[in-house]
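Structure file final_1.cif (mmCIF, C-alpha atoms) is printed below.
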data_query
#
loop_
_atom_site.label_atom_id
_atom_site.label_comp_id
_atom_site.auth_asym_id
_atom_site.auth_seq_id
_atom_site.Cartn_x
_atom_site.Cartn_y
_atom_site.Cartn_z
CA MET K 216 83.95 57.98 67.77
CA LYS K 217 86.98 56.33 69.39
CA ASN K 218 86.80 53.32 67.06
CA THR K 219 86.51 55.40 63.91
CA LEU K 220 89.04 58.13 64.63
CA TYR K 221 90.59 57.96 61.18
CA ALA K 222 87.48 57.23 59.17
CA GLY K 223 87.31 60.86 58.07
CA ALA K 224 91.01 61.24 57.35
CA ALA K 225 90.59 60.68 53.64
CA THR K 226 88.30 63.71 53.48
CA LEU K 227 91.15 66.01 54.47
CA ALA K 228 92.40 66.13 50.88
CA LEU K 229 96.05 65.86 51.83
CA THR K 230 98.72 64.05 49.88
CA ALA K 231 100.49 60.71 49.56
CA GLY K 232 100.84 58.32 52.51
CA THR K 233 102.31 57.33 55.78
CA ALA K 234 101.19 54.45 57.96
CA TYR K 235 99.27 54.91 61.19
CA ALA K 236 97.42 52.63 63.54
CA GLY K 237 94.06 51.81 62.03
CA GLY K 238 94.65 52.45 58.36
CA HIS K 239 96.57 54.65 55.95
CA LEU K 240 96.64 58.42 56.28
CA PRO K 241 96.69 60.31 52.95
CA PHE K 242 99.41 62.67 54.15
CA ALA K 243 103.19 62.72 53.72
CA PRO K 244 104.68 64.29 56.87
CA GLY K 245 108.20 64.96 55.69
CA GLU K 246 110.19 61.82 56.47
CA GLY K 247 108.65 60.87 59.79
CA ASN K 248 105.50 59.75 61.52
CA PHE K 249 103.00 61.79 63.46
CA SER K 250 102.84 61.47 67.24
CA TRP K 251 99.77 59.25 67.32
CA ASP K 252 100.08 57.90 70.86
CA SER K 253 99.26 61.15 72.63
CA PHE K 254 96.51 61.85 70.10
CA ASN K 255 94.91 58.46 70.76
CA ALA K 256 95.04 59.00 74.52
CA PHE K 257 93.47 62.44 74.09
CA ALA K 258 90.68 61.01 71.95
CA GLU K 259 89.94 58.28 74.47
CA ALA K 260 89.61 60.87 77.22
CA HIS K 261 87.18 63.30 75.53
CA ASP K 262 83.73 63.07 73.99
CA LEU K 263 82.29 66.47 73.05
CA SER K 264 79.72 65.30 70.51
CA GLY K 265 77.30 68.08 69.67
CA GLN K 266 79.46 70.88 71.06
CA GLU K 267 81.16 73.65 69.09
CA VAL K 268 84.32 75.75 69.40
CA THR K 269 84.31 79.03 67.49
CA ILE K 270 87.60 80.67 66.50
CA THR K 271 88.58 83.76 64.56
CA GLY K 272 92.03 84.77 63.40
CA PRO K 273 94.19 86.20 60.62
CA TRP K 274 94.58 83.03 58.53
CA THR K 275 92.75 83.23 55.21
CA GLY K 276 93.01 81.52 51.83
CA ASN K 277 95.63 78.77 51.69
CA GLU K 278 96.49 79.22 55.37
CA LYS K 279 92.85 78.75 56.34
CA GLU K 280 92.74 75.53 54.32
CA LYS K 281 95.77 74.23 56.19
CA VAL K 282 94.57 75.10 59.68
CA ASP K 283 91.09 73.74 58.93
CA LYS K 284 92.75 70.37 58.28
CA VAL K 285 94.45 70.58 61.67
CA PHE K 286 91.18 71.43 63.38
CA SER K 287 89.47 68.51 61.62
CA TYR K 288 91.49 66.18 63.80
CA PHE K 289 90.04 67.77 66.92
CA THR K 290 86.63 66.95 65.50
CA GLU K 291 87.75 63.39 64.68
CA ALA K 292 88.96 62.92 68.24
CA THR K 293 86.13 64.55 70.20
CA GLY K 294 83.10 64.93 67.96
CA ALA K 295 83.01 68.69 68.58
CA THR K 296 82.70 71.03 65.60
CA VAL K 297 85.32 73.72 65.07
CA ASN K 298 84.08 76.82 63.28
CA TYR K 299 87.08 78.90 62.21
CA SER K 300 86.62 82.26 60.50
CA GLY K 301 89.62 84.04 59.00
CA SER K 302 89.71 87.77 58.35
CA ASP K 303 92.14 90.19 56.73
CA SER K 304 90.84 92.80 59.17
CA PHE K 305 91.07 90.56 62.23
CA GLU K 306 92.47 93.27 64.51
CA GLN K 307 89.47 95.52 63.94
CA ASP K 308 86.92 92.70 63.88
CA ILE K 309 87.91 91.15 67.21
CA VAL K 310 87.75 94.48 69.03
CA ILE K 311 84.24 95.09 67.68
CA SER K 312 83.04 91.59 68.58
CA VAL K 313 84.35 91.54 72.15
CA ARG K 314 82.88 94.95 72.87
CA ALA K 315 79.56 93.87 71.40
CA GLY K 316 79.48 90.70 73.47
CA SER K 317 79.56 88.49 70.38
CA ALA K 318 83.12 87.21 70.58
CA PRO K 319 84.07 83.69 69.46
CA ASN K 320 85.47 81.25 71.99
CA LEU K 321 89.03 81.80 70.86
CA ALA K 322 90.92 84.48 68.97
CA VAL K 323 94.25 83.94 67.22
CA PHE K 324 96.31 87.08 67.72
CA PRO K 325 99.17 87.82 65.30
CA GLN K 326 100.75 90.18 67.84
CA PRO K 327 100.83 90.13 71.65
CA GLY K 328 100.10 93.86 71.90
CA LEU K 329 96.43 93.60 70.96
CA ALA K 330 95.94 90.59 73.24
CA ALA K 331 97.51 92.54 76.11
CA ASP K 332 95.18 95.49 75.45
CA LEU K 333 92.08 93.28 75.51
CA ALA K 334 93.29 91.51 78.66
CA SER K 335 93.73 94.84 80.46
CA GLN K 336 90.18 95.78 79.44
CA GLY K 337 88.73 92.56 80.82
CA HIS K 338 87.93 91.05 77.41
CA LEU K 339 90.20 87.98 77.73
CA THR K 340 89.94 85.06 80.12
CA PRO K 341 93.15 83.69 81.68
CA LEU K 342 94.25 80.32 80.35
CA PRO K 343 93.45 77.24 82.47
CA ALA K 344 95.55 76.66 85.58
CA GLY K 345 98.79 74.85 84.86
CA THR K 346 99.12 76.08 81.27
CA GLY K 347 102.10 78.26 82.09
CA ASP K 348 103.99 75.39 83.72
CA TRP K 349 103.22 73.20 80.73
CA VAL K 350 104.53 75.79 78.26
CA ALA K 351 107.66 76.38 80.32
CA ASP K 352 108.36 72.63 80.36
CA ASN K 353 107.41 71.75 76.77
CA PHE K 354 108.46 74.69 74.58
CA ALA K 355 112.06 75.43 73.69
CA ALA K 356 113.08 78.51 75.70
CA GLY K 357 109.75 77.89 77.39
CA GLN K 358 109.82 80.72 79.91
CA SER K 359 110.18 83.17 77.02
CA TRP K 360 106.82 81.99 75.67
CA VAL K 361 105.20 82.23 79.09
CA ASP K 362 106.46 85.80 79.43
CA LEU K 363 105.19 86.72 75.96
CA GLY K 364 101.71 85.44 76.81
CA THR K 365 101.48 87.04 80.27
CA TYR K 366 99.67 90.38 80.57
CA ALA K 367 98.18 92.56 83.28
CA ASP K 368 94.47 92.14 83.90
CA ALA K 369 92.04 94.97 84.60
CA ASP K 370 93.33 95.14 88.19
CA GLY K 371 96.97 95.22 87.15
CA ASN K 372 97.70 91.60 88.10
CA ASP K 373 99.79 89.53 85.67
CA GLN K 374 98.10 86.42 84.30
CA LEU K 375 98.78 84.03 81.42
CA TYR K 376 96.41 84.87 78.57
CA GLY K 377 98.15 83.60 75.45
CA MET K 378 99.45 80.25 74.18
CA PHE K 379 101.63 80.47 71.09
CA TYR K 380 101.21 78.23 68.08
CA ARG K 381 102.71 79.26 64.74
CA VAL K 382 106.08 81.04 64.89
CA ASP K 383 108.24 83.00 62.45
CA VAL K 384 112.04 83.25 62.73
CA LYS K 385 113.88 86.47 61.92
CA SER K 386 117.39 85.62 63.11
CA LEU K 387 118.54 84.24 59.75
CA VAL K 388 121.34 85.10 57.34
CA TRP K 389 120.72 84.01 53.74
CA TYR K 390 123.78 83.29 51.63
CA ASN K 391 124.94 81.95 48.27
CA PRO K 392 126.32 78.45 48.99
CA ILE K 393 127.92 78.15 45.56
CA ALA K 394 129.85 81.38 46.06
CA PHE K 395 130.80 80.32 49.61
CA ASP K 396 132.12 77.00 48.32
CA GLU K 397 134.07 78.61 45.51
CA MET K 398 135.77 80.98 47.94
CA GLY K 399 136.22 78.40 50.68
CA TYR K 400 134.16 80.31 53.25
CA ASP K 401 132.82 78.50 56.31
CA ILE K 402 129.52 79.21 58.05
CA PRO K 403 130.31 81.46 61.03
CA GLU K 404 129.44 80.05 64.44
CA SER K 405 129.74 83.32 66.39
CA MET K 406 129.31 87.04 65.79
CA GLU K 407 133.06 87.41 66.04
CA GLU K 408 133.46 84.93 63.19
CA LEU K 409 130.73 86.67 61.18
CA LYS K 410 132.58 89.96 61.45
CA GLU K 411 135.85 88.26 60.48
CA LEU K 412 134.13 86.73 57.44
CA THR K 413 132.71 90.14 56.50
CA GLN K 414 136.20 91.63 56.38
CA THR K 415 137.66 88.56 54.66
CA ILE K 416 135.14 88.90 51.80
CA VAL K 417 136.21 92.53 51.34
CA ASP K 418 139.88 91.55 51.41
CA ASP K 419 139.11 88.98 48.70
CA GLY K 420 137.57 91.68 46.51
CA GLY K 421 133.90 90.94 47.21
CA THR K 422 130.99 92.71 48.88
CA PRO K 423 129.73 90.90 52.00
CA TRP K 424 126.21 92.26 52.50
CA CYS K 425 123.11 93.22 50.58
CA ILE K 426 120.85 95.42 52.73
CA GLY K 427 117.77 97.39 51.72
CA LEU K 428 115.41 99.40 53.92
CA GLY K 429 112.95 100.54 51.26
CA SER K 430 109.33 99.53 51.80
CA GLY K 431 107.13 102.40 50.62
CA ALA K 432 105.45 104.10 53.56
CA ALA K 433 107.05 101.49 55.85
CA THR K 434 110.63 102.26 54.75
CA GLY K 435 113.09 101.59 57.54
CA TRP K 436 111.53 98.53 59.16
CA PRO K 437 114.25 96.06 58.02
CA ALA K 438 116.78 98.06 60.06
CA THR K 439 114.64 97.73 63.18
CA ASP K 440 114.95 93.95 62.89
CA TRP K 441 118.73 94.27 62.72
CA VAL K 442 118.80 96.46 65.83
CA GLU K 443 116.45 94.13 67.71
CA ASP K 444 118.58 91.10 66.86
CA LEU K 445 121.68 92.97 67.98
CA MET K 446 120.04 94.10 71.22
CA LEU K 447 119.52 90.41 72.02
CA ARG K 448 123.18 89.73 71.23
CA THR K 449 124.71 92.65 73.14
CA GLN K 450 122.32 92.93 76.12
CA SER K 451 120.37 90.62 78.41
CA PRO K 452 116.77 89.53 77.72
CA ALA K 453 115.74 91.65 80.72
CA ASP K 454 117.32 94.71 79.10
CA TYR K 455 115.47 93.94 75.86
CA ASP K 456 112.18 93.72 77.74
CA ALA K 457 112.86 96.96 79.58
CA TRP K 458 113.60 98.68 76.26
CA VAL K 459 110.35 97.43 74.72
CA ALA K 460 108.40 98.69 77.73
CA ASN K 461 110.18 102.08 77.72
CA ASP K 462 111.59 101.31 81.15
CA MET K 463 114.99 101.52 79.46
CA LYS K 464 115.01 104.68 77.38
CA PHE K 465 115.75 104.57 73.69
CA ASP K 466 118.78 106.82 74.19
CA ASP K 467 120.26 104.54 76.84
CA PRO K 468 123.89 103.63 76.03
CA LYS K 469 122.87 99.96 75.69
CA VAL K 470 120.41 100.75 72.90
CA ILE K 471 122.88 103.09 71.24
CA GLU K 472 125.42 100.25 71.27
CA ALA K 473 123.00 97.99 69.38
CA ILE K 474 122.28 100.70 66.81
CA GLU K 475 126.00 101.23 66.27
CA GLU K 476 126.51 97.48 65.90
CA PHE K 477 124.05 97.65 63.01
CA GLY K 478 126.04 100.59 61.70
CA TRP K 479 129.19 98.45 61.73
CA PHE K 480 127.59 96.44 58.93
CA ALA K 481 125.40 98.98 57.16
CA ARG K 482 127.41 102.22 57.25
CA ASN K 483 130.61 100.86 55.73
CA ASP K 484 130.76 101.43 51.96
CA ASP K 485 132.97 98.37 51.53
CA TYR K 486 130.55 96.08 53.33
CA VAL K 487 127.30 96.83 51.51
CA GLN K 488 126.29 96.40 47.88
CA GLY K 489 126.04 99.87 46.33
CA GLY K 490 127.69 101.49 49.32
CA ALA K 491 126.14 102.73 52.54
CA GLN K 492 124.02 105.41 50.86
CA ALA K 493 122.21 102.73 48.83
CA VAL K 494 120.93 101.00 51.97
CA ALA K 495 118.15 103.51 52.60
CA THR K 496 116.92 103.60 49.00
CA THR K 497 117.13 99.93 48.01
CA ASP K 498 113.76 98.18 48.30
CA PHE K 499 113.90 95.30 50.75
CA ARG K 500 112.21 93.04 48.18
CA ASP K 501 114.99 93.72 45.67
CA SER K 502 117.87 93.74 48.14
CA PRO K 503 118.62 89.97 48.08
CA ASN K 504 118.97 89.91 44.28
CA GLY K 505 122.72 90.36 44.51
CA LEU K 506 123.00 86.88 46.01
CA PHE K 507 121.99 85.37 42.67
CA SER K 508 124.30 87.28 40.33
CA ILE K 509 127.22 85.49 38.69
CA PRO K 510 129.62 86.30 40.20
CA ALA K 511 127.71 87.19 43.36
CA ASP K 512 127.29 90.94 43.93
CA CYS K 513 126.92 90.20 47.63
CA TYR K 514 127.34 87.11 49.75
CA MET K 515 124.92 87.52 52.67
CA HIS K 516 121.50 88.98 53.48
CA ARG K 517 120.00 89.10 57.00
CA GLN K 518 116.23 88.68 56.75
CA ALA K 519 113.32 86.69 58.14
CA SER K 520 112.00 83.33 57.01
CA PHE K 521 109.53 84.93 54.57
CA ILE K 522 112.15 86.42 52.23
CA PRO K 523 112.24 83.47 49.75
CA ALA K 524 108.92 84.80 48.44
CA PHE K 525 110.96 87.58 46.82
CA PHE K 526 113.77 85.44 45.42
CA PRO K 527 113.97 84.99 41.62
CA GLU K 528 111.47 82.54 40.19
CA GLY K 529 112.76 78.99 40.28
CA THR K 530 115.17 79.55 43.17
CA VAL K 531 115.71 76.36 45.16
CA VAL K 532 116.42 76.89 48.85
CA GLY K 533 119.24 74.57 49.87
CA GLU K 534 120.81 74.70 46.43
CA ASP K 535 120.76 78.20 44.94
CA VAL K 536 120.51 79.87 48.33
CA ASP K 537 120.67 78.72 51.93
CA PHE K 538 120.68 80.24 55.41
CA PHE K 539 122.37 80.05 58.79
CA TYR K 540 121.55 81.31 62.27
CA PHE K 541 122.47 84.97 62.85
CA PRO K 542 125.04 84.14 65.52
CA ALA K 543 125.55 85.53 69.00
CA TYR K 544 128.75 86.93 70.47
CA GLU K 545 130.81 84.18 72.02
CA GLU K 546 132.47 86.62 74.45
CA LYS K 547 129.16 87.91 75.81
CA ASP K 548 127.87 84.45 76.75
CA LEU K 549 124.20 85.27 76.11
CA GLY K 550 123.29 81.86 74.72
CA LYS K 551 121.45 81.55 71.43
CA PRO K 552 118.73 84.22 71.32
CA VAL K 553 116.19 84.14 68.51
CA LEU K 554 114.13 87.08 67.29
CA GLY K 555 110.82 86.41 65.65
CA ALA K 556 107.08 86.74 65.68
CA GLY K 557 104.16 84.40 66.14
CA THR K 558 100.46 83.86 66.66
CA LEU K 559 98.84 83.05 69.98
CA PHE K 560 95.50 81.66 71.08
CA GLY K 561 93.54 83.71 73.62
CA ILE K 562 90.16 82.93 75.22
CA THR K 563 87.55 85.55 74.35
CA ASN K 564 84.45 83.51 75.30
CA PRO K 565 85.17 80.63 77.71
CA SER K 566 83.58 77.20 77.60
CA ASP K 567 84.46 73.66 78.65
CA ALA K 568 84.95 72.64 75.02
CA THR K 569 87.33 75.58 74.56
CA ASN K 570 89.53 74.32 77.39
CA VAL K 571 89.61 70.86 75.81
CA PHE K 572 90.55 72.43 72.48
CA LEU K 573 93.53 74.12 74.15
CA GLU K 574 94.54 70.71 75.49
CA PHE K 575 94.46 69.46 71.90
CA MET K 576 96.73 72.34 70.84
CA LYS K 577 99.31 71.09 73.35
CA LEU K 578 99.61 67.78 71.49
CA PRO K 579 102.61 67.41 69.16
CA ILE K 580 100.29 66.26 66.38
CA ALA K 581 98.37 69.56 66.45
CA HIS K 582 101.64 71.13 65.29
CA GLU K 583 102.89 68.29 63.10
CA LEU K 584 99.72 68.38 60.99
CA TRP K 585 100.57 71.89 59.80
CA MET K 586 104.33 71.28 59.78
CA ALA K 587 103.76 68.61 57.14
CA GLN K 588 101.74 70.96 54.95
CA GLY K 589 104.49 73.62 54.86
CA GLY K 590 104.63 77.26 55.90
CA PHE K 591 104.72 76.51 59.62
CA LEU K 592 107.27 76.57 62.43
CA THR K 593 106.77 75.68 66.08
CA ALA K 594 108.69 75.97 69.34
CA HIS K 595 106.99 72.83 70.69
CA ALA K 596 109.91 70.68 71.80
CA GLY K 597 107.90 67.45 71.62
CA VAL K 598 107.23 67.39 67.90
CA ASN K 599 108.84 65.01 65.44
CA THR K 600 110.90 67.44 63.35
CA ALA K 601 111.00 64.87 60.54
CA THR K 602 107.38 65.80 59.80
CA TYR K 603 108.45 69.21 58.47
CA ALA K 604 107.59 69.49 54.78
CA ASP K 605 111.15 70.21 53.66
CA GLU K 606 114.74 70.55 54.84
CA SER K 607 114.59 74.35 54.94
CA LEU K 608 111.68 74.40 57.38
CA ARG K 609 113.28 71.60 59.38
CA ALA K 610 116.50 73.60 59.75
CA GLN K 611 114.56 76.70 60.83
CA GLY K 612 112.64 74.56 63.28
CA GLU K 613 115.92 73.34 64.73
CA ILE K 614 117.03 76.96 65.22
CA LEU K 615 113.87 77.54 67.24
CA LEU K 616 114.37 74.39 69.28
CA ASN K 617 117.99 75.34 70.04
CA ALA K 618 117.07 78.85 71.15
CA THR K 619 117.90 79.75 74.72
CA THR K 620 115.79 82.91 74.51
CA PHE K 621 113.00 83.94 72.15
CA ARG K 622 111.83 87.49 71.91
CA PHE K 623 109.09 89.03 69.81
CA ASP K 624 109.85 91.78 67.31
CA ALA K 625 110.26 94.87 69.52
CA SER K 626 108.84 97.38 67.06
CA ASP K 627 105.61 95.36 66.92
CA LEU K 628 105.28 95.63 70.70
CA MET K 629 105.99 99.35 70.95
CA PRO K 630 103.30 102.01 70.46
CA GLY K 631 102.52 102.42 66.77
CA GLU K 632 103.93 105.95 66.63
CA ILE K 633 107.27 104.54 67.78
CA GLY K 634 107.56 100.99 66.45
CA ALA K 635 105.88 101.77 63.13
CA GLY K 636 106.92 105.40 62.98
CA ALA K 637 109.83 107.10 64.73
CA PHE K 638 111.90 103.89 64.91
CA TRP K 639 111.54 103.32 61.15
CA THR K 640 112.36 106.87 60.15
CA GLY K 641 115.13 107.13 62.72
CA MET K 642 116.91 104.16 61.18
CA VAL K 643 116.77 105.78 57.76
CA ASP K 644 118.29 108.93 59.26
CA TYR K 645 120.99 106.82 60.87
CA VAL K 646 122.10 104.96 57.75
CA THR K 647 122.21 108.26 55.84
CA GLY K 648 124.59 109.87 58.31
CA ALA K 649 122.91 110.93 61.56
CA SER K 650 124.59 109.80 64.76
CA ALA K 651 123.16 106.95 66.80
CA GLU K 652 122.92 109.29 69.81
CA ASP K 653 120.87 111.88 67.91
CA VAL K 654 118.59 109.28 66.35
CA ALA K 655 117.99 107.53 69.67
CA LYS K 656 117.27 110.83 71.43
CA GLY K 657 114.80 111.81 68.71
CA ILE K 658 112.94 108.53 69.06
CA GLN K 659 112.81 108.86 72.85
CA ASP K 660 111.62 112.46 72.62
CA ARG K 661 108.79 111.25 70.41
CA TRP K 662 107.95 108.47 72.87
CA ASP K 663 107.90 110.95 75.76
CA SER K 664 105.51 113.18 73.83
CA ILE K 665 102.83 110.48 73.58
CA GLN K 666 102.88 109.37 77.21
#
Output the structure of this file as structure tokens.
Amino acid sequence: MKNTLYAGAATLALTAGTAYAGGHLPFAPGEGNFSWDSFNAFAEAHDLSGQEVTITGPWTGNEKEKVDKVFSYFTEATGATVNYSGSDSFEQDIVISVRAGSAPNLAVFPQPGLAADLASQGHLTPLPAGTGDWVADNFAAGQSWVDLGTYADADGNDQLYGMFYRVDVKSLVWYNPIAFDEMGYDIPESMEELKELTQTIVDDGGTPWCIGLGSGAATGWPATDWVEDLMLRTQSPADYDAWVANDMKFDDPKVIEAIEEFGWFARNDDYVQGGAQAVATTDFRDSPNGLFSIPADCYMHRQASFIPAFFPEGTVVGEDVDFFYFPAYEEKDLGKPVLGAGTLFGITNPSDATNVFLEFMKLPIAHELWMAQGGFLTAHAGVNTATYADESLRAQGEILLNATTFRFDASDLMPGEIGAGAFWTGMVDYVTGASAEDVAKGIQDRWDSIQ
């Protein structure tokens, strides 16, 4: 196996070439080479011929094809088979399988909440000793990722159960670079500068922001992302964590401050396309359209890394539209926090081969292989960022690597009736005129009622 590591590479059906020791890999990893040295050392150290690692997760279709190619390199290195099964109903399927005693070796959780629930019920196995130290040392804002993967076990003791892999970034502001250039606007480096730019655009006769909260039954969720980002920029990470856990109440003055910071942008008729009343009724998928009007109907749109899927057909990121980091307050000195989401591996059926697989997932190449295929970001600080498929992903990856704190989307961590209920509807009430105090109290009253 060690002498024929790359013999199966051509079967991966990837694209055009970059050199590697031992042959020519049919894969174009952005502009840079994969991290082969650590892969070769890993392969020399492990022979798992005849063994199998079973995995289930949320990746289906094109995403399954991409991750299967990554997993093929584990097989090339060790001889072990990886059997990955993707499901659109992963959350329900994994609960059924662990309770039935038929769980795979590993589960890929799209949210920490479900992993924490299964850990508390005794259905997850803690990660191998030393994993937490490795993550803290090798991921950007590493302790954040340790904290996000640490849950209480059945006895109430905290243990590391999750290792993150694929990450999404939400702390982005999309903008029209042509309009910025025409008006001579610079990219703001701080929240103070962003607010100054917002007012400058109004003074110049323009509309700074396009914001839409509409999303059918889920209307309101885009505003929760705003508030979460602003919590990280006005309060400490510890305060954010306390808020998520309901140790800091929703009607605490610190939370109200973050809501009102969102209101500074969204409740000013001059600042928002269509005026403040349009915020609640504009569909989030349509809300960035003003960026592409000539002249631009709005100049900026705060939204996550997925939003280009809803841009007009033919839009080229980096030319027709671009993005910058949603900045922090310089005066508050809270570093560069990043809000996002991500998937994590958890052990649902331990085995020796499973532990070796997790060692493989620590290698830079286990991340670079998907980076080069597109649609993937990682906080792994050891990767070659030149292997990203395009400049847009590379720039988002740099935002992750420069983060001093990473926090998961708060509404996804809260009980469903709050994070996917009262928080959503409360934000709609707020942008249509209710006070931040009344909205926050209503959300907390709802939370108290489900305790």
Across K:Val388, K:Val646, K:Ala369, K:Leu445, the smallest distance to Val494 (chain K), with all atoms listed in the file counted, is shown by K:Val646
Using Å and a single decimal, report how far CA of Val532 (chain K) sits from CA of Ala511 (chain K). 16.2 Å
Which of K:Gly657, K:Glu545, K:Val470, K:Ser304 sits closest to Ala457 (chain K) [using only C-alpha atoms]: K:Val470
List the residues selected by the PyMOL selection byres ((chain K and resi 666) around 12) in the file shown, writing them as a list in words.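 The output of the PyMOL selection byres ((chain K and resi 666) around 12) on this file is Asn461, Pro630, Glu632, Ile633, Gln659, Asp660, Arg661, Trp662, Asp663, Ser664 and Ile665 of chain K.
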List, as a list in words, every residue that the PyMOL selection byres ((chain K and resi 354-359) around 7) selects in the file provided.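 With the shown file as input, the PyMOL selection byres ((chain K and resi 354-359) around 7) matches Val350, Ala351, Asp352, Asn353, Trp360, Val361, Asp362, Leu363, Ala594, His595, Ala596, Leu616, Asn617, Ala618, Thr619, Thr620, Phe621 and Arg622 of chain K.
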Pull C-alpha atoms from the residues just selected and write them as a JSON list (two decimals), keeping the file's coordinate frame.
[["chain", "number", "residue", "atom", "x", "y", "z"],
["K", 350, "VAL", "CA", 104.53, 75.79, 78.26],
["K", 351, "ALA", "CA", 107.66, 76.38, 80.32],
["K", 352, "ASP", "CA", 108.36, 72.63, 80.36],
["K", 353, "ASN", "CA", 107.41, 71.75, 76.77],
["K", 360, "TRP", "CA", 106.82, 81.99, 75.67],
["K", 361, "VAL", "CA", 105.20, 82.23, 79.09],
["K", 362, "ASP", "CA", 106.46, 85.80, 79.43],
["K", 363, "LEU", "CA", 105.19, 86.72, 75.96],
["K", 594, "ALA", "CA", 108.69, 75.97, 69.34],
["K", 595, "HIS", "CA", 106.99, 72.83, 70.69],
["K", 596, "ALA", "CA", 109.91, 70.68, 71.80],
["K", 616, "LEU", "CA", 114.37, 74.39, 69.28],
["K", 617, "ASN", "CA", 117.99, 75.34, 70.04],
["K", 618, "ALA", "CA", 117.07, 78.85, 71.15],
["K", 619, "THR", "CA", 117.90, 79.75, 74.72],
["K", 620, "THR", "CA", 115.79, 82.91, 74.51],
["K", 621, "PHE", "CA", 113.00, 83.94, 72.15],
["K", 622, "ARG", "CA", 111.83, 87.49, 71.91]]
Pull out every residue that the PyMOL selection byres ((chain K and resi 258) around 12) matches in the shown coordinates and put them as a PDB file with C-alpha atoms, keeping the file's coordinate frame.
ATOM      1  CA  MET K 216      83.950  57.980  67.770  1.00  0.00           C
ATOM      2  CA  LYS K 217      86.980  56.330  69.390  1.00  0.00           C
ATOM      3  CA  ASN K 218      86.800  53.320  67.060  1.00  0.00           C
ATOM      4  CA  THR K 219      86.510  55.400  63.910  1.00  0.00           C
ATOM      5  CA  LEU K 220      89.040  58.130  64.630  1.00  0.00           C
ATOM      6  CA  TYR K 221      90.590  57.960  61.180  1.00  0.00           C
ATOM      7  CA  TRP K 251      99.770  59.250  67.320  1.00  0.00           C
ATOM      8  CA  ASP K 252     100.080  57.900  70.860  1.00  0.00           C
ATOM      9  CA  SER K 253      99.260  61.150  72.630  1.00  0.00           C
ATOM     10  CA  PHE K 254      96.510  61.850  70.100  1.00  0.00           C
ATOM     11  CA  ASN K 255      94.910  58.460  70.760  1.00  0.00           C
ATOM     12  CA  ALA K 256      95.040  59.000  74.520  1.00  0.00           C
ATOM     13  CA  PHE K 257      93.470  62.440  74.090  1.00  0.00           C
ATOM     14  CA  GLU K 259      89.940  58.280  74.470  1.00  0.00           C
ATOM     15  CA  ALA K 260      89.610  60.870  77.220  1.00  0.00           C
ATOM     16  CA  HIS K 261      87.180  63.300  75.530  1.00  0.00           C
ATOM     17  CA  ASP K 262      83.730  63.070  73.990  1.00  0.00           C
ATOM     18  CA  LEU K 263      82.290  66.470  73.050  1.00  0.00           C
ATOM     19  CA  SER K 264      79.720  65.300  70.510  1.00  0.00           C
ATOM     20  CA  TYR K 288      91.490  66.180  63.800  1.00  0.00           C
ATOM     21  CA  PHE K 289      90.040  67.770  66.920  1.00  0.00           C
ATOM     22  CA  THR K 290      86.630  66.950  65.500  1.00  0.00           C
ATOM     23  CA  GLU K 291      87.750  63.390  64.680  1.00  0.00           C
ATOM     24  CA  ALA K 292      88.960  62.920  68.240  1.00  0.00           C
ATOM     25  CA  THR K 293      86.130  64.550  70.200  1.00  0.00           C
ATOM     26  CA  GLY K 294      83.100  64.930  67.960  1.00  0.00           C
ATOM     27  CA  ALA K 295      83.010  68.690  68.580  1.00  0.00           C
ATOM     28  CA  VAL K 571      89.610  70.860  75.810  1.00  0.00           C
ATOM     29  CA  PHE K 572      90.550  72.430  72.480  1.00  0.00           C
ATOM     30  CA  GLU K 574      94.540  70.710  75.490  1.00  0.00           C
ATOM     31  CA  PHE K 575      94.460  69.460  71.900  1.00  0.00           C
ATOM     32  CA  LEU K 578      99.610  67.780  71.490  1.00  0.00           C
TER      33      LEU K 578
END
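Counting all atoms listed in the file and comparing K:Thr602, K:Ser405, K:Thr563, K:Asn483, the residue that lies closest to Gln336 (chain K) is K:Thr563.
Across K:Asp653, K:Asp501, K:Asp370, K:Glu475, the tightest approach to Ile426 (chain K) is made by K:Asp501 when counting all atoms listed in the file.
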What lies within 12 Å of Ala473 (chain K) using all atoms listed in the file, ignoring chain neighbours under 5 positions off, as a ChimeraX atom specification? /K:438-451,454-455,458,465-468,478-480,642,651-652,655
I need the residue nearest Ser508 (chain K) from this list: K:Ser335, K:Asn277, K:Asn391, K:Ser300. Use all atoms listed in the file for the distance.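 Of the candidates, the smallest distance to Ser508 (chain K) is held by K:Asn391.
Atom pair CA of Thr275 (chain K) / CA of Phe379 (chain K) has a distance of 18.4 Å (rounded to one decimal).
Closest to His338 (chain K) among K:Asp537, K:Glu411, K:Asp368, K:Asp418 is K:Asp368, based on only C-alpha atoms.
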Kindly provide, as a ChimeraX atom specification, the polymer residues lying within 12 Å of (105.9, 99.3, 69.7), counting only C-alpha atoms and using the coordinates exactly as they appear in the file. /K:326-329,436,439,443,456,458-461,465,623-639,658,662
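Within 10 Å of Gly377 (chain K), once all atoms listed in the file are used and residues closer than 5 positions along the same chain are dropped, the contacting residues are Ala322, Val323, Phe324, Pro327, Ala330, Ala331, Ala334, Leu339, Thr340, Pro341, Leu342, Thr346, Gly347, Trp360, Val361, Asp362, Leu363, Gly364, Thr365, Tyr366, Thr558, Leu559, Phe560, Gly561 and Ile562 of chain K.
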Might you pull out every residue within 9 Å of Ser502 (chain K), with all atoms listed in the file counted and same-chain residues fewer than 6 positions away left off, and present them as an NGL selection string? :K and (425-429 or 488 or 494 or 516)
